[in-house]
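Enquirer: I am sharing data_38.cif, which consists of mmCIF, C-alpha atoms:
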data_model
loop_
_atom_site.label_atom_id
_atom_site.label_comp_id
_atom_site.auth_asym_id
_atom_site.auth_seq_id
_atom_site.Cartn_x
_atom_site.Cartn_y
_atom_site.Cartn_z
CA MET A 1080 137.94 323.31 178.47
CA LEU A 1081 136.11 326.56 179.02
CA GLN A 1082 132.50 326.86 177.87
CA VAL A 1083 132.12 329.13 174.86
CA ASN A 1084 128.96 330.75 176.24
CA TYR A 1085 130.85 331.81 179.35
CA ILE A 1086 133.68 333.26 177.26
CA ARG A 1087 131.26 335.22 175.08
CA GLU A 1088 129.28 336.59 178.03
CA ASN A 1089 132.30 337.33 180.28
CA ARG A 1090 135.01 338.47 177.87
CA GLU A 1091 136.63 341.04 180.18
CA LYS A 1092 136.72 338.69 183.15
CA VAL A 1093 138.19 335.89 181.04
CA LEU A 1094 140.97 338.19 179.82
CA GLU A 1095 141.62 339.45 183.35
CA ARG A 1096 141.91 335.92 184.81
CA LEU A 1097 144.11 334.75 181.94
CA SER A 1098 146.45 337.65 182.68
CA VAL A 1099 146.99 336.14 186.15
CA ARG A 1100 148.44 333.14 184.31
CA ASN A 1101 150.52 335.45 182.11
CA PHE A 1102 148.81 333.76 179.16
CA LYS A 1103 150.66 334.66 175.97
CA GLN A 1104 147.73 334.50 173.50
CA PRO A 1105 144.96 336.78 174.83
CA GLU A 1106 143.92 337.47 171.22
CA LEU A 1107 142.63 333.88 171.16
CA VAL A 1108 139.65 334.98 173.27
CA ASP A 1109 138.37 337.36 170.58
CA GLU A 1110 139.13 334.76 167.91
CA ILE A 1111 136.92 332.27 169.77
CA ILE A 1112 134.12 334.82 170.06
CA ARG A 1113 134.39 335.61 166.32
CA ILE A 1114 134.35 331.93 165.27
CA ASP A 1115 131.41 331.27 167.58
CA GLU A 1116 129.45 334.17 166.12
CA GLU A 1117 130.00 332.81 162.59
CA ARG A 1118 129.07 329.34 163.80
CA ARG A 1119 125.84 330.57 165.36
CA GLN A 1120 124.89 332.55 162.23
CA THR A 1121 125.51 329.47 160.08
CA GLN A 1122 123.48 327.36 162.49
CA THR A 1123 120.58 329.84 162.30
CA SER A 1124 120.65 329.86 158.50
CA LEU A 1125 120.79 326.07 158.42
CA ASP A 1126 117.90 325.76 160.87
CA ASN A 1127 115.78 328.15 158.81
CA LEU A 1128 116.47 326.34 155.55
CA SER A 1129 115.86 322.96 157.19
CA ALA A 1130 112.54 324.21 158.52
CA ILE A 1131 111.57 325.38 155.03
CA ALA A 1132 112.66 322.04 153.57
CA ASN A 1133 110.59 320.12 156.10
CA SER A 1134 107.58 322.32 155.43
CA SER A 1135 108.02 321.87 151.66
CA ALA A 1136 108.27 318.11 152.02
CA LYS A 1137 104.98 318.03 153.88
CA GLN A 1138 103.41 320.32 151.28
CA ILE A 1139 104.65 318.12 148.42
CA GLY A 1140 103.22 315.03 150.11
CA GLU A 1141 99.86 316.69 150.57
CA LEU A 1142 99.74 317.91 146.95
CA MET A 1143 100.62 314.44 145.66
CA ARG A 1144 97.86 312.86 147.76
CA ASN A 1145 95.42 315.37 146.28
CA GLY A 1146 96.52 314.62 142.71
CA LYS A 1147 98.19 317.98 142.20
CA LYS A 1148 101.34 316.55 140.68
CA GLU A 1149 102.36 319.64 138.66
CA GLU A 1150 102.22 321.91 141.71
CA ALA A 1151 104.19 319.35 143.68
CA GLU A 1152 106.86 319.16 140.95
CA ALA A 1153 107.20 322.97 140.94
CA ILE A 1154 107.89 322.98 144.67
CA LYS A 1155 110.38 320.13 144.20
CA GLN A 1156 112.42 322.35 141.87
CA THR A 1157 112.68 324.96 144.61
CA THR A 1158 113.59 322.41 147.27
CA SER A 1159 116.44 321.02 145.11
CA ALA A 1160 118.20 324.38 145.36
CA ASN A 1161 117.52 324.42 149.11
CA LYS A 1162 119.07 320.97 149.50
CA GLU A 1163 122.31 322.18 147.91
CA GLN A 1164 122.36 325.20 150.23
CA ILE A 1165 121.68 322.95 153.22
CA LYS A 1166 124.60 320.73 152.21
CA GLN A 1167 126.92 323.74 151.91
CA LEU A 1168 125.78 325.19 155.23
CA SER A 1169 126.21 321.81 156.96
CA GLU A 1170 129.79 321.64 155.69
CA GLN A 1171 130.43 325.24 156.82
CA LEU A 1172 128.96 324.46 160.25
CA ALA A 1173 131.12 321.35 160.68
CA ALA A 1174 134.22 323.34 159.70
CA ALA A 1175 133.34 326.17 162.10
CA GLU A 1176 132.72 323.73 164.95
CA GLN A 1177 136.07 322.05 164.32
CA GLN A 1178 137.82 325.45 164.18
CA LEU A 1179 136.11 326.51 167.41
CA HIS A 1180 137.12 323.28 169.15
CA GLN A 1181 140.75 323.69 168.10
CA ALA A 1182 140.78 327.23 169.50
CA LEU A 1183 139.05 326.32 172.77
CA VAL A 1184 141.51 323.55 173.65
CA GLN A 1185 144.33 326.10 173.51
CA LEU A 1186 142.83 328.11 176.38
CA PRO A 1187 143.89 327.03 179.88
CA ASN A 1188 141.53 327.06 182.84
CA LEU A 1189 140.82 330.39 184.52
CA PRO A 1190 142.57 330.86 187.89
CA ALA A 1191 140.30 331.27 190.89
CA GLU A 1192 140.16 334.68 192.57
CA ALA A 1193 142.45 333.53 195.41
CA VAL A 1194 145.26 332.54 193.02
CA PRO A 1195 148.15 335.03 193.17
CA SER A 1196 149.66 336.53 190.03
CA GLY A 1197 153.12 335.38 189.09
CA THR A 1198 155.12 333.43 186.56
CA THR A 1199 157.74 331.50 188.55
CA PRO A 1200 157.80 329.05 191.48
CA GLU A 1201 159.42 331.76 193.58
CA GLU A 1202 156.15 333.71 193.39
CA ASN A 1203 154.06 330.90 194.90
CA GLU A 1204 152.43 331.78 198.20
CA VAL A 1205 153.47 329.87 201.33
CA VAL A 1206 150.22 329.40 203.25
CA TYR A 1207 151.35 327.01 206.01
CA THR A 1208 154.52 325.45 207.41
CA HIS A 1209 154.59 322.51 209.81
CA GLY A 1210 157.43 321.36 212.05
CA SER A 1211 161.11 322.18 211.84
CA PRO A 1212 164.00 320.79 209.78
CA ALA A 1213 165.56 317.53 210.94
CA VAL A 1214 168.95 317.94 212.60
CA LEU A 1215 171.32 315.43 211.06
CA HIS A 1216 174.52 313.97 212.45
CA GLU A 1217 177.88 314.95 211.04
CA GLY A 1218 178.56 312.96 207.89
CA ALA A 1219 174.91 312.65 206.87
CA VAL A 1220 174.50 312.02 203.14
CA PRO A 1221 171.77 312.37 200.47
CA HIS A 1222 169.47 309.46 199.71
CA TRP A 1223 171.30 308.23 196.60
CA GLU A 1224 174.31 307.46 198.80
CA LEU A 1225 172.13 305.85 201.47
CA THR A 1226 170.40 303.58 198.94
CA ALA A 1227 173.79 302.35 197.74
CA LYS A 1228 175.14 301.94 201.28
CA TYR A 1229 172.22 299.77 202.42
CA ASP A 1230 171.63 298.16 199.00
CA ILE A 1231 167.93 299.04 198.88
CA ILE A 1232 167.58 300.89 195.54
CA ASP A 1233 169.79 300.32 192.50
CA PHE A 1234 169.77 303.11 189.94
CA GLU A 1235 172.48 301.63 187.73
CA LEU A 1236 170.69 298.29 187.44
CA GLY A 1237 167.54 300.12 186.38
CA THR A 1238 169.53 302.01 183.75
CA LYS A 1239 170.86 298.70 182.42
CA ILE A 1240 167.33 297.31 182.06
CA ALA A 1241 165.37 300.33 180.85
CA GLY A 1242 167.41 303.54 181.03
CA ALA A 1243 167.87 306.40 183.47
CA GLY A 1244 164.84 307.15 185.65
CA PHE A 1245 163.76 303.53 186.15
CA PRO A 1246 165.21 302.39 189.51
CA VAL A 1247 165.15 298.85 190.90
CA TYR A 1248 163.94 298.54 194.52
CA LYS A 1249 165.58 295.74 196.49
CA GLY A 1250 165.00 294.02 199.83
CA LYS A 1251 163.94 296.49 202.49
CA GLY A 1252 163.69 299.19 199.82
CA ALA A 1253 161.02 297.19 197.99
CA ARG A 1254 159.22 296.42 201.24
CA LEU A 1255 159.30 300.09 202.27
CA GLN A 1256 157.79 300.99 198.90
CA ARG A 1257 154.99 298.43 199.30
CA ALA A 1258 154.43 299.50 202.91
CA LEU A 1259 153.92 303.14 201.95
CA ILE A 1260 151.46 302.19 199.18
CA ASN A 1261 149.39 300.09 201.59
CA PHE A 1262 149.55 302.74 204.31
CA PHE A 1263 148.31 305.44 201.92
CA LEU A 1264 145.54 303.23 200.51
CA ASP A 1265 144.35 302.15 203.96
CA ARG A 1266 144.17 305.76 205.14
CA ALA A 1267 142.27 306.77 202.02
CA THR A 1268 139.66 304.03 202.35
CA GLU A 1269 139.29 304.83 206.07
CA SER A 1270 138.52 308.41 204.99
CA GLY A 1271 135.68 307.36 202.70
CA TYR A 1272 137.45 306.89 199.37
CA ARG A 1273 136.58 303.81 197.32
CA GLU A 1274 139.63 301.93 196.08
CA MET A 1275 139.77 301.32 192.33
CA GLN A 1276 142.18 299.30 190.18
CA VAL A 1277 142.39 300.83 186.74
CA PRO A 1278 144.19 300.33 183.41
CA LEU A 1279 147.72 301.69 183.09
CA MET A 1280 147.10 302.69 179.47
CA VAL A 1281 144.42 305.02 178.14
CA ASN A 1282 143.06 306.03 174.74
CA GLU A 1283 143.07 309.51 173.21
CA ALA A 1284 139.54 310.30 174.43
CA SER A 1285 140.62 309.66 178.03
CA GLY A 1286 143.76 311.75 177.68
CA PHE A 1287 141.70 314.57 176.21
CA GLY A 1288 138.99 314.29 178.87
CA THR A 1289 141.30 315.14 181.78
CA GLY A 1290 143.40 317.63 179.81
CA GLN A 1291 146.66 315.75 179.26
CA LEU A 1292 145.99 315.82 175.50
CA PRO A 1293 146.84 317.82 173.56
CA ASP A 1294 148.64 319.96 176.19
CA LYS A 1295 151.09 317.35 177.54
CA GLU A 1296 151.37 314.93 174.65
CA GLY A 1297 155.16 315.25 174.60
CA GLN A 1298 155.40 314.19 178.24
CA MET A 1299 153.44 310.94 177.77
CA TYR A 1300 154.74 307.60 176.59
CA HIS A 1301 152.83 306.71 173.41
CA VAL A 1302 152.21 303.10 172.34
CA THR A 1303 152.05 304.04 168.69
CA GLU A 1304 150.78 300.83 167.08
CA ASP A 1305 147.74 300.72 169.35
CA ASN A 1306 147.45 304.50 169.80
CA LEU A 1307 147.39 304.18 173.59
CA TYR A 1308 149.21 306.24 176.22
CA LEU A 1309 150.87 305.06 179.43
CA ILE A 1310 149.23 306.98 182.25
CA PRO A 1311 151.12 309.92 183.82
CA THR A 1312 148.86 309.64 186.89
CA ALA A 1313 145.86 307.60 188.06
CA GLU A 1314 143.83 310.80 187.73
CA VAL A 1315 143.37 310.03 184.03
CA PRO A 1316 141.73 306.59 184.15
CA VAL A 1317 139.91 307.18 187.45
CA THR A 1318 138.26 310.43 186.33
CA ASN A 1319 137.43 308.95 182.93
CA LEU A 1320 135.38 306.23 184.60
CA TYR A 1321 132.68 308.92 184.65
CA ARG A 1322 133.07 310.24 181.08
CA ASP A 1323 129.67 310.76 179.39
CA ILE A 1324 127.86 310.03 182.66
CA ILE A 1325 124.98 311.90 184.30
CA LEU A 1326 125.08 311.45 188.08
CA LYS A 1327 122.30 312.16 190.53
CA GLU A 1328 122.86 315.07 192.88
CA GLU A 1329 122.42 312.75 195.87
CA ASP A 1330 125.34 310.62 194.58
CA LEU A 1331 127.75 313.52 195.13
CA PRO A 1332 130.46 313.61 196.26
CA VAL A 1333 132.04 310.68 194.44
CA LYS A 1334 135.34 309.78 196.16
CA ASN A 1335 137.79 307.33 194.59
CA THR A 1336 141.40 306.36 195.27
CA ALA A 1337 143.82 304.25 193.26
CA TYR A 1338 147.40 303.11 193.40
CA THR A 1339 149.21 302.93 190.06
CA PRO A 1340 152.68 303.20 188.64
CA CYS A 1341 152.97 306.49 186.73
CA PHE A 1342 154.98 307.10 183.57
CA ARG A 1343 156.38 310.46 182.48
CA ARG A 1344 158.99 311.20 179.84
CA GLU A 1345 160.15 314.33 181.71
CA ALA A 1346 161.78 315.60 178.53
CA GLY A 1347 164.47 318.23 179.16
CA SER A 1348 164.93 317.40 182.85
CA TYR A 1349 168.55 317.44 183.91
CA GLY A 1350 170.87 318.69 186.66
CA ALA A 1351 171.52 317.91 190.32
CA HIS A 1352 167.89 318.56 191.30
CA VAL A 1353 166.75 315.47 189.37
CA ARG A 1354 169.34 313.10 190.84
CA GLY A 1355 168.31 309.83 192.50
CA LEU A 1356 164.60 309.69 193.37
CA ASN A 1357 164.03 313.39 192.75
CA ARG A 1358 162.80 312.89 189.17
CA LEU A 1359 161.87 309.53 187.64
CA HIS A 1360 160.26 308.25 184.44
CA GLN A 1361 158.38 305.55 186.36
CA PHE A 1362 157.18 305.99 189.93
CA ASP A 1363 154.43 304.83 192.29
CA LYS A 1364 151.62 307.05 193.52
CA VAL A 1365 148.33 306.83 195.37
CA GLU A 1366 145.81 309.26 193.88
CA LEU A 1367 142.59 310.78 195.19
CA VAL A 1368 139.79 311.90 192.85
CA GLN A 1369 136.56 313.61 193.84
CA ILE A 1370 133.51 314.62 191.78
CA VAL A 1371 131.50 317.19 193.69
CA HIS A 1372 128.70 319.72 193.59
CA PRO A 1373 130.02 323.06 192.25
CA GLU A 1374 129.07 324.87 195.47
CA GLN A 1375 131.24 322.50 197.51
CA SER A 1376 134.41 322.24 195.43
CA TYR A 1377 136.53 324.83 197.26
CA ALA A 1378 135.56 323.47 200.67
CA VAL A 1379 136.54 320.03 199.34
CA LEU A 1380 139.87 321.44 198.09
CA GLU A 1381 140.68 322.58 201.63
CA GLU A 1382 139.55 319.22 203.02
CA MET A 1383 141.80 317.33 200.61
CA SER A 1384 144.74 319.56 201.44
CA LEU A 1385 144.30 318.88 205.16
CA TYR A 1386 144.02 315.16 204.47
CA VAL A 1387 147.34 315.09 202.60
CA GLN A 1388 148.92 317.11 205.39
CA SER A 1389 147.72 314.54 207.94
CA LEU A 1390 149.73 311.87 206.11
CA LEU A 1391 152.85 314.02 206.23
CA LYS A 1392 152.35 314.65 209.93
CA ASP A 1393 151.95 310.91 210.57
CA LEU A 1394 155.27 310.35 208.80
CA GLY A 1395 156.90 312.99 211.00
CA LEU A 1396 158.01 315.15 208.07
CA HIS A 1397 158.68 318.88 208.08
CA TYR A 1398 156.54 320.31 205.27
CA ARG A 1399 155.01 323.44 203.83
CA VAL A 1400 151.91 324.18 201.76
CA LEU A 1401 152.08 326.47 198.73
CA ARG A 1402 149.25 328.10 196.84
CA LEU A 1403 150.58 328.16 193.30
CA CYS A 1404 150.67 331.42 191.39
CA GLY A 1405 148.88 331.64 188.06
CA GLY A 1406 151.98 331.10 185.94
CA ASP A 1407 153.08 327.98 187.84
CA MET A 1408 149.73 326.16 187.81
CA GLY A 1409 148.88 323.26 185.56
CA PHE A 1410 146.98 323.97 182.34
CA THR A 1411 143.69 322.51 183.60
CA SER A 1412 143.70 323.76 187.19
CA ALA A 1413 141.69 326.63 188.65
CA MET A 1414 143.60 326.46 191.96
CA THR A 1415 146.39 324.21 193.22
CA TYR A 1416 148.07 323.56 196.55
CA ASP A 1417 151.51 321.96 196.46
CA MET A 1418 152.89 320.15 199.51
CA GLU A 1419 156.66 320.13 199.85
CA VAL A 1420 158.79 318.25 202.38
CA TRP A 1421 162.18 319.44 203.56
CA SER A 1422 165.19 317.36 202.60
CA ALA A 1423 167.73 317.97 205.36
CA ALA A 1424 170.52 316.22 203.46
CA GLN A 1425 169.93 318.08 200.19
CA GLN A 1426 168.94 321.32 201.92
CA ARG A 1427 166.00 321.86 199.61
CA TRP A 1428 162.22 321.45 199.41
CA LEU A 1429 160.84 318.44 197.54
CA GLU A 1430 157.32 318.52 196.06
CA VAL A 1431 155.39 315.39 197.12
CA SER A 1432 151.78 316.30 196.34
CA SER A 1433 149.59 318.61 194.29
CA VAL A 1434 145.91 319.01 195.14
CA SER A 1435 143.86 320.82 192.51
CA ASN A 1436 140.34 322.02 191.80
CA PHE A 1437 139.52 321.95 188.08
CA GLU A 1438 135.99 323.36 188.47
CA THR A 1439 134.19 322.50 185.18
CA TYR A 1440 137.27 322.45 182.95
CA GLN A 1441 137.55 318.65 182.91
CA THR A 1442 133.84 317.91 183.18
CA ASN A 1443 133.08 320.02 180.11
CA ARG A 1444 135.50 317.84 178.13
CA LEU A 1445 134.24 314.66 179.78
CA LYS A 1446 130.55 315.58 179.46
CA LEU A 1447 130.35 314.65 183.15
CA ARG A 1448 127.14 316.07 184.58
CA TYR A 1449 124.73 315.68 187.43
CA LYS A 1450 120.96 316.15 187.61
CA GLY A 1451 119.80 318.36 190.43
CA HIS A 1452 116.62 318.01 192.46
CA THR A 1453 114.92 320.47 190.09
CA GLY A 1454 115.65 318.18 187.15
CA LYS A 1455 118.21 320.56 185.64
CA THR A 1456 121.39 318.93 184.33
CA GLN A 1457 124.68 320.76 184.82
CA LEU A 1458 128.43 320.17 184.91
CA ALA A 1459 129.96 318.82 188.12
CA HIS A 1460 133.35 319.91 189.51
CA THR A 1461 136.38 317.59 189.69
CA LEU A 1462 139.35 317.61 192.04
CA ASN A 1463 142.33 315.36 192.51
CA GLY A 1464 145.43 315.09 194.64
CA SER A 1465 148.50 312.95 195.24
CA ALA A 1466 148.23 311.11 198.55
CA LEU A 1467 151.04 310.53 198.08
CA ALA A 1468 153.72 310.27 195.36
CA LEU A 1469 156.35 307.90 196.69
CA PRO A 1470 159.79 308.75 195.29
CA ARG A 1471 160.40 312.01 197.14
CA ILE A 1472 158.60 310.74 200.24
CA VAL A 1473 161.06 307.83 200.29
CA ALA A 1474 163.95 310.24 199.69
CA ALA A 1475 162.83 312.47 202.57
CA ILE A 1476 162.33 309.54 204.96
CA LEU A 1477 165.75 308.07 204.16
CA GLU A 1478 167.55 311.40 204.49
CA ASN A 1479 165.73 312.89 207.49
CA CYS A 1480 165.62 309.66 209.49
CA GLN A 1481 169.26 308.63 209.02
CA THR A 1482 171.48 308.05 212.05
CA PRO A 1483 175.04 306.73 212.37
CA GLU A 1484 173.53 303.31 213.21
CA GLY A 1485 171.02 303.19 210.34
CA ILE A 1486 167.74 304.66 209.14
CA VAL A 1487 165.02 304.71 211.82
CA LEU A 1488 161.66 304.53 210.03
CA PRO A 1489 158.54 306.47 211.10
CA GLU A 1490 156.70 304.51 213.79
CA VAL A 1491 153.46 304.45 211.80
CA LEU A 1492 155.09 302.25 209.12
CA ALA A 1493 156.27 299.45 211.41
CA ALA A 1494 153.02 297.49 211.09
CA TYR A 1495 153.39 297.61 207.29
CA THR A 1496 157.13 296.97 206.88
CA GLY A 1497 157.68 294.39 209.62
CA PHE A 1498 160.85 296.25 210.64
CA ASP A 1499 161.58 299.64 212.18
CA ARG A 1500 165.00 300.41 210.75
CA ILE A 1501 167.20 299.90 207.74
CA ASP A 1502 170.79 299.02 208.61
#
Using structure tokens, write down the structure from this file.

Expert:
Amino acid sequence: MLQVNYIRENREKVLERLSVRNFKQPELVDEIIRIDEERRQTQTSLDNLSAIANSSAKQIGELMRNGKKEEAEAIKQTTSANKEQIKQLSEQLAAAEQQLHQALVQLPNLPAEAVPSGTTPEENEVVYTHGSPAVLHEGAVPHWELTAKYDIIDFELGTKIAGAGFPVYKGKGARLQRALINFFLDRATESGYREMQVPLMVNEASGFGTGQLPDKEGQMYHVTEDNLYLIPTAEVPVTNLYRDIILKEEDLPVKNTAYTPCFRREAGSYGAHVRGLNRLHQFDKVELVQIVHPEQSYAVLEEMSLYVQSLLKDLGLHYRVLRLCGGDMGFTSAMTYDMEVWSAAQQRWLEVSSVSNFETYQTNRLKLRYKGHTGKTQLAHTLNGSALALPRIVAAILENCQTPEGIVLPEVLAAYTGFDRID
């Protein structure tokens, strides 16, 4: 979340950047400033009374040691009234701090200066396009027909077991899935990321730390009896490894990668655009997470974007890079690049990765800091990115690589699959 001191000292800028998001509650900024002012006044009064109480306690002790019991008792009468005031002020302070916290978590991150204004995906900025659309043979079909034809993914069987959005991968479909996971992990570790294996469920503190709670509570599967949440992305557990940690400046950047299944309720999703692998409740993804020095975070964002693009190039996919407009960005992001691949059979772009810089939004919640060479402790910056999410990558490979004789897989995967075509 945003730091209250920054909001108070930069009110106009905060309002201006929130307008880029088309934020609907700008009055919340002044409400936060008002609550904080009351909180600080209460804190000052409490500190003053506490100082008086401490001084009186010392004075009473000294008087008692000197046998001046009556004078000590007189001061005790005064301090009794102070104790009641201190109790009341402590309760007021706790209430103000809770009220301030509830207001702060409703404010999204501030978009970076380079983020364009806009409210819809159509207003996202295309910053780069690579390659050209695949030319398919007559009679080419979308991936949900290919998976049935070659018996590699069974959507109906998954529905029988768990419900819609939980496919069953079979034979070469399962091996292709495993091959892509290993390919993505190998490339990540070769690029300096440390592989982690993390829990698939997290507690409330972890969900809050990375910003999924309370903003996306309705999109997460909740294990109610244990009050745990199935992870929507490995970003949550991997970033929370560093919650309440103070790193050394020389330890930065921290680079981690993890493969996990991801679980999302995707409430309200319907229509042709979510058919097949286009939108699932459970899917596989390899995630990248970096913790970096604040001065380096935007250079790292560009580096991570280029890394994800290198994977798409290796897979021979036609893709484009979008800089998301303010209204289409995630709640916690300061700037996001989306990578989309072209589905020649569906004639539409499919999002396969988001790479985001959160600046200090997550680290303020996580209390994730680093100590500089001067000894000063400050908040680090966090970034993450999908590298990559599998369902739409699989869909694009199946559709764009189909021929009348079968599906010819990208050459780079042969060493991982053990076969070069699905027929």

Enquirer: Report as a list in words all protein, DNA and RNA residues lying within 6 Å of range 1358-1367 of chain A, evaluated on only C-alpha atoms, omitting residues in the same chain fewer than 4 positions from it.

Expert: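 Residues meeting the cut-off are Gly1244, Phe1245, Asn1335, Thr1336, Ala1337, Tyr1338, Thr1339, Pro1340, Cys1341, Phe1342, Arg1343, Arg1344, Val1353, Asn1463, Gly1464, Ser1465, Ala1466, Leu1467, Ala1468 and Leu1469 of chain A.
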
Enquirer: Using the chain letters and numbers from this file, what does the PyMOL selection byres ((chain A and resi 1253) around 12) select? Give the answer as a list in words.

Expert: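 Checking the PyMOL selection byres ((chain A and resi 1253) around 12) against this file, the residues are Thr1226, Asp1230, Ile1231, Ile1232, Asp1233, Pro1246, Val1247, Tyr1248, Lys1249, Gly1250, Lys1251, Gly1252, Arg1254, Leu1255, Gln1256, Arg1257, Ala1258, Leu1259, Ile1260, Asp1363, Leu1469, Pro1470, Val1473, Thr1496 and Ile1501 of chain A.
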
Enquirer: Separation of CA of Tyr1229 in chain A and CA of Ala1475 in chain A, in Å?

Expert: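 These two atoms are separated by 15.8 Å.
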
Enquirer: Mind pulling up the distance from CA of Ser1285 in chain A to CA of Asn1319 in chain A?

Expert: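 Going from CA of Asn1319 in chain A over to CA of Ser1285 in chain A covers 5.9 Å.
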
Enquirer: Closest to Glu1345 in chain A among A:Met1299, A:Phe1263, A:Val1379, A:Pro1316, using all atoms listed in the file?

Expert: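 Looking only at the distances to Glu1345 in chain A, the closest residue turns out to be A:Met1299.
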
Enquirer: Just give me the gap between CA of Arg1087 in chain A and CA of Thr1411 in chain A in Å, one decimal is fine.

Expert: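 For CA of Arg1087 in chain A relative to CA of Thr1411 in chain A, the distance reads 19.7 Å.
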
Enquirer: Running the PyMOL selection byres ((chain A and resi 1203-1206) around 6) on this model by hand, what would come out? Give it as a list in words.

Expert: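 Listing what the PyMOL selection byres ((chain A and resi 1203-1206) around 6) selects in the shown file: Pro1200, Glu1201, Glu1202, Tyr1207, Val1400, Leu1401, Arg1402, Leu1403 and Cys1404 of chain A.
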
Enquirer: Between A:Lys1392, A:Lys1327, A:Arg1500, A:Arg1354, which one has atoms that come closest to Thr1453 in chain A, using all atoms listed in the file?

Expert: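 With all atoms listed in the file as the atom set, the closest residue is A:Lys1327.
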
Enquirer: Taking only C-alpha atoms into account, name the residue in A:Pro1187, A:Ala1173, A:Thr1123, A:Gln1298 that is nearest to Leu1094 in chain A.

Expert: A:Pro1187

Enquirer: Could you tell me, as a list in words, which residues have any atom at most 8 Å from (165.9, 311.4, 203.2), counting all atoms listed in the file?

Expert: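 Those within range, by chain then number, are Pro1221, His1222, Ser1422, Ala1423, Ala1424, Ile1472, Val1473, Ala1474, Ala1475, Ile1476, Leu1477, Glu1478, Asn1479, Cys1480 and Gln1481 of chain A.
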
Enquirer: Between A:Asn1084, A:Gln1426, A:Thr1415, A:Ile1112, which is the closest to Val1214 in chain A once you count all atoms listed in the file?

Expert: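 Among the listed residues, the smallest separation from Val1214 in chain A belongs to A:Gln1426.
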
Enquirer: I'd like the residues picked by the PyMOL selection byres ((chain A and resi 1418) around 8) written out as a list in words, using the chain letters and numbers from the file.

Expert: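 Applying the PyMOL selection byres ((chain A and resi 1418) around 8) to the structure shown produces Gln1388, Tyr1398, Arg1399, Val1400, Leu1401, Tyr1416, Asp1417, Glu1419, Val1420, Glu1430, Val1431, Ser1432 and Ser1433 of chain A.
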
Enquirer: Please dump the current selection as a PDB file, keeping the file's coordinate frame; keep C-alpha atoms.

Expert:
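Final output, saved to again-v5.pdb:
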ATOM      1  CA  GLN A1388     148.920 317.110 205.390  1.00  0.00           C
ATOM      2  CA  TYR A1398     156.540 320.310 205.270  1.00  0.00           C
ATOM      3  CA  ARG A1399     155.010 323.440 203.830  1.00  0.00           C
ATOM      4  CA  VAL A1400     151.910 324.180 201.760  1.00  0.00           C
ATOM      5  CA  LEU A1401     152.080 326.470 198.730  1.00  0.00           C
ATOM      6  CA  TYR A1416     148.070 323.560 196.550  1.00  0.00           C
ATOM      7  CA  ASP A1417     151.510 321.960 196.460  1.00  0.00           C
ATOM      8  CA  GLU A1419     156.660 320.130 199.850  1.00  0.00           C
ATOM      9  CA  VAL A1420     158.790 318.250 202.380  1.00  0.00           C
ATOM     10  CA  GLU A1430     157.320 318.520 196.060  1.00  0.00           C
ATOM     11  CA  VAL A1431     155.390 315.390 197.120  1.00  0.00           C
ATOM     12  CA  SER A1432     151.780 316.300 196.340  1.00  0.00           C
ATOM     13  CA  SER A1433     149.590 318.610 194.290  1.00  0.00           C
TER      14      SER A1433
END

Enquirer: In terms of the shortest atom-to-atom distance over only C-alpha atoms, which of A:Thr1198, A:Gln1276, A:Asn1357, A:Ser1376 is closest to Ala1413 in chain A?

Expert: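 With only C-alpha atoms as the atom set, the closest residue is A:Ser1376.
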
Enquirer: Which one is closest to Ile1165 in chain A: A:Ile1111, A:Met1280, A:Leu1128, A:Ile1370? Count only C-alpha atoms.

Expert: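 The shortest atom-to-atom distance to Ile1165 in chain A comes from A:Leu1128.
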
Enquirer: What lies within 8 Å of Ala1459 in chain A using all atoms listed in the file, ignoring chain neighbours under 3 positions off, as a VMD selection string?

Expert: chain A and resid 1370 to 1373 1438 to 1439 1442 1447 to 1449

Enquirer: Skipping near chain neighbours, those fewer than 4 positions away, what residues fall within 7 Å of Trp1421 in chain A using all atoms listed in the file, listed as a list of chain:residue names?

Expert: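 So, after excluding close chain neighbours, the residues are A:Pro1212, A:His1397, A:Tyr1398, A:Arg1427, A:Trp1428, A:Leu1429.
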
Enquirer: Would you write out those residues with C-alpha atoms, as a PDB file, keeping the file's coordinate frame?

Expert:
ATOM      1  CA  PRO A1212     164.000 320.790 209.780  1.00  0.00           C
ATOM      2  CA  HIS A1397     158.680 318.880 208.080  1.00  0.00           C
ATOM      3  CA  TYR A1398     156.540 320.310 205.270  1.00  0.00           C
ATOM      4  CA  ARG A1427     166.000 321.860 199.610  1.00  0.00           C
ATOM      5  CA  TRP A1428     162.220 321.450 199.410  1.00  0.00           C
ATOM      6  CA  LEU A1429     160.840 318.440 197.540  1.00  0.00           C
TER       7      LEU A1429
END

Enquirer: Excluding Phe1498 in chain A and any residue of its chain fewer than 5 positions from it, enumerate the residues within 9 Å of it, using all atoms listed in the file, and give them as a PyMOL selection string.

Expert: chain A and resi 1251+1488+1492-1493

Enquirer: List the spatial neighbours of Ser1129 in chain A as number ranges by chain - criterion: any atom at most 10 Å away, all atoms listed in the file, same-chain residues fewer than 4 positions off excluded.

Expert: A: 1123-1125, 1133-1135, 1161-1162, 1164-1165
